[in-house]
Number of protein chains: 2
Amino acid sequence: MNDRINLSLDQVHDLAFRALNANGMGAEQAEAVARVITQGQRDECHSHGLYRVLGSVRSLRSGKVDGHATPTLSQPAPSIVKVDAHQGFSLLALHSGLPVLVERTRELGVAALVIRNCFHFSALWPEVEAIAEQGLVGLAMTPSHAWVAPAGGNKGVFGTNPLAFAWPRPGGHPFVFDFATSAIARGDIELHARQNKAIPLGWAVDANGEPTTDAQAALAGAMQTFGGHKGSALAAMVELLAGALIGDLTSAESMAFDDGVGAAPFHGELLLAFDPQRFLGDDLALGLQRAEDLFAAITDQGARLPSQRRFEARQRSERDGVWIDRALYQDIQALLA
Amino acid sequence: MNDRINLSLDQVHDLAFRALNANGMGAEQAEAVARVITQGQRDECHSHGLYRVLGSVRSLRSGKVDGHATPTLSQPAPSIVKVDAHQGFSLLALHSGLPVLVERTRELGVAALVIRNCFHFSALWPEVEAIAEQGLVGLAMTPSHAWVAPAGGNKGVFGTNPLAFAWPRPGGHPFVFDFATSAIARGDIELHARQNKAIPLGWAVDANGEPTTDAQAALAGAMQTFGGHKGSALAAMVELLAGALIGDLTSAESMAFDDGVGAAPFHGELLLAFDPQRFLGDDLALGLQRAEDLFAAITDQGARLPSQRRFEARQRSERDGVWIDRALYQDIQALLA
């Protein structure tokens, strides 16, 4: 028996939607969540693909997530769009707020989208890519759970606190990056622990604050940021901008709120958008060409742009569909029984 | 003879002002430049203190900088304030634009200040601190000269591309960071080269793209970003936001413009400001307290906040004045002869 099965992107979306909808998520939220899960699977970000159906259902069953919440929108200031997810997942709130963010950005030049009171499990690149599809520049950040120690410390304060950015490129995929400010994703340490494999130095410290290569000791200790004190400073910035500034939970508060249940982290998110047309006016074409020259200077010397592997995977998946572990497929099917 | 002399902060400012003013810089620009040089010396950032008088005068003598330029202000969109420095130094342009940025941010929630056509040599922390003094959150970035290779490459594309951030703290110094996205400042490699000292791996590659510990070979090759591909992605973001988006030169273009003269880099700068009052409304105190809790969670475990050493130096300098190498003092005095 083949241990992998092939699904079209429509089949991925349909499977995710039905599993979520059958487990207490309303059609509107399930549609938004299934869309981002399909995008993750399509780009071969397996940890953000169909695998996330399991975690989403676990979050729903925890009773913390409201799968039927309808986001509400407000505008506390002209350049701030605020969406309250009312304890639903972030994604329907995002889709409610995005068109207003785009409109405000085109009108004002720069605007912010604040998402509050949401459960969050998704990568940020689909969100900044959605901003870039509108010809705007996007920046997004969010806290998570306080697993990561500050530089010079040994106790978790920061989340994995990703930062994502997209720049629109005429006629092609945008320039996109999306990285955790932790040295590595928490899932990677969990994977090493399950396989009894050593982790590299620099990923984590043990419970005594000593550098460790033992994945189990790392999970009992604290993760480290990437890039030493600079990564640590960025992680703090994410807590401040996407937590304190928007009136939502920091990673430490989010972890306390979860209280060991293991649902998706509950907090907020901040997105910024910039309209090159408003910044550049008549020089728009010149500004976009300047960016293309920068990208060429990177790729002409054999270096890769971020997200290139993901875009290659996307092309494959759109042509051939995706391959899913049969065990995962069966686990999701079981949620439909 | 004592090889260091003690100066009050007023004396530092006066010395810098007179040296600049005597060498072709108008009083308005000289006042703005002398102010930031005094701040650098006060905080014991020696490379950004009186030492910069020498480089500024060299820039003036190169004939590229217009020491008498008067910045002009425009508002291409409600949340974008644009100041054209007309080939003067960045600092007078900054002081012209800052009050308007503050006003727009209080009105709209988020706003951007674009500085164009400026020569730039100063640290960004005085600029984001000035934003935080108004109770706003500040973010600033700027390209420089294309000394830094992208991750996976070996040719200079990026500048040292600093990123600075400040969060206002009621009744105290703000939370501030200001770091280069290069692994290290270019000046540090130059210093090692002068002293024939080896540099650590990770700072630079030689002209063949091989990792090197030879500082001379590093200067002939390319510097590396901090934090591998993540730092490289951030450096690209700075080129895009503070170059392409604002219609000003990238680091590669700025280096070509300099054409080996060795003046301060000529390009633009982007500053963003966020008003916590507009984001948080009635929850302002709660949001600011949340930030204080985050800072306490960092310092309570013995880790330091960024800029703490600088603030300690500031306290010393305001009490005792600063100590300057006599040779530097004499070099600056010679500019007044």
# chains A, B, ... in the order shown; residues from 1 in each chain; ligands from 1
>>> interface_residues(of="chain A", to="chain B", cutoff="6 Å", atoms="only C-alpha atoms", output="VMD selection string")
chain A and resid 77 to 79 108 to 110 152 to 153 227 244 to 247 276 279 to 280 287 290 to 291 301 303
>>> select_by_dssp(residues="segment 201-331 of chain A", states="alpha helix (DSSP H)", output="count of residues only")
66
>>> atom_distance(atom1="atom CA of His145 of chain A", atom2="atom CA of Cys45 of chain A")
20.9 Å
>>> atom_distance(atom1="atom CA of Asp320 of chain B", atom2="atom CA of Gly49 of chain B")
16.4 Å
>>> select_by_dssp(residues="segment 93-336 of chain A", states="strand (DSSP E)", output="VMD selection string")
chain A and resid 110 to 119 137 to 141 163 to 167 175 to 179 204 to 205 222 to 223 266 to 274 322 to 325
>>> residues_around(residues="Asp43 of chain A", least_positions_apart="4", cutoff="12 Å", atoms="only C-alpha atoms", output="list of chain:residue names")
A:Leu9, A:Val36, A:Ile37, A:Thr38, A:Gln39, A:Ser47, A:His48, A:Gly49, A:Leu50, A:Ala123, A:Trp125, A:Pro126, A:Ser307, A:Gln308, A:Arg309, A:Arg310, A:Phe311, A:Glu312, A:Ala313, A:Arg314, A:Gln315, A:Arg316, A:Ser317, A:Glu318, A:Gly321, A:Val322, A:Trp323
>>> atom_distance(atom1="atom CA of Gln216 of chain A", atom2="atom CA of His46 of chain A")
23.0 Å
>>> closest_residue(among="A:Val100, A:Ala19, A:Ile332, A:Leu94", to="Val128 of chain A", atoms="only C-alpha atoms")
A:Leu94
>>> residues_around(residues="Thr213 of chain A", least_positions_apart="4", cutoff="10 Å", atoms="only C-alpha atoms", output="ChimeraX atom specification")
/A:197-206,217-218
>>> residues_around(residues="Arg326 of chain B", least_positions_apart="3", cutoff="8 Å", atoms="only C-alpha atoms", output="list in words")
Asn2, Asp3, Arg4, Ile5, Tyr329 and Gln330 of chain B
>>> write_last_selection(atoms="N, CA and C atoms", output="mmCIF file, in the first residue's frame")
data_model
loop_
_atom_site.group_PDB
_atom_site.id
_atom_site.type_symbol
_atom_site.label_atom_id
_atom_site.label_comp_id
_atom_site.auth_asym_id
_atom_site.auth_seq_id
_atom_site.Cartn_x
_atom_site.Cartn_y
_atom_site.Cartn_z
ATOM 1 N N ASN B 2 48.772 64.742 29.853
ATOM 2 C CA ASN B 2 47.614 63.853 29.842
ATOM 3 C C ASN B 2 47.121 63.675 28.408
ATOM 4 N N ASP B 3 46.847 62.427 28.018
ATOM 5 C CA ASP B 3 46.445 62.228 26.630
ATOM 6 C C ASP B 3 44.922 62.298 26.440
ATOM 7 N N ARG B 4 44.193 62.626 27.500
ATOM 8 C CA ARG B 4 42.750 62.855 27.333
ATOM 9 C C ARG B 4 42.378 64.172 28.007
ATOM 10 N N ILE B 5 41.375 64.834 27.482
ATOM 11 C CA ILE B 5 40.926 66.067 28.133
ATOM 12 C C ILE B 5 39.436 65.967 28.419
ATOM 13 N N TYR B 329 41.041 66.054 19.797
ATOM 14 C CA TYR B 329 40.742 67.446 20.125
ATOM 15 C C TYR B 329 41.616 68.385 19.290
ATOM 16 N N GLN B 330 42.881 68.018 19.169
ATOM 17 C CA GLN B 330 43.801 68.877 18.407
ATOM 18 C C GLN B 330 43.473 68.851 16.911
#
>>> closest_residue(among="B:Arg169, B:Arg319, B:Arg104, B:Arg35", to="Ala132 of chain B", atoms="only C-alpha atoms")
B:Arg169
>>> residues_around(residues="Asp331 of chain A", least_positions_apart="5", cutoff="12 Å", atoms="only C-alpha atoms", output="list in words")
Leu15, Ala16, Ala19, Leu50, Tyr51, Arg52, Val53, Leu54, Gly55, Val57, Ile324, Asp325, Arg326, Leu336 and Ala337 of chain A
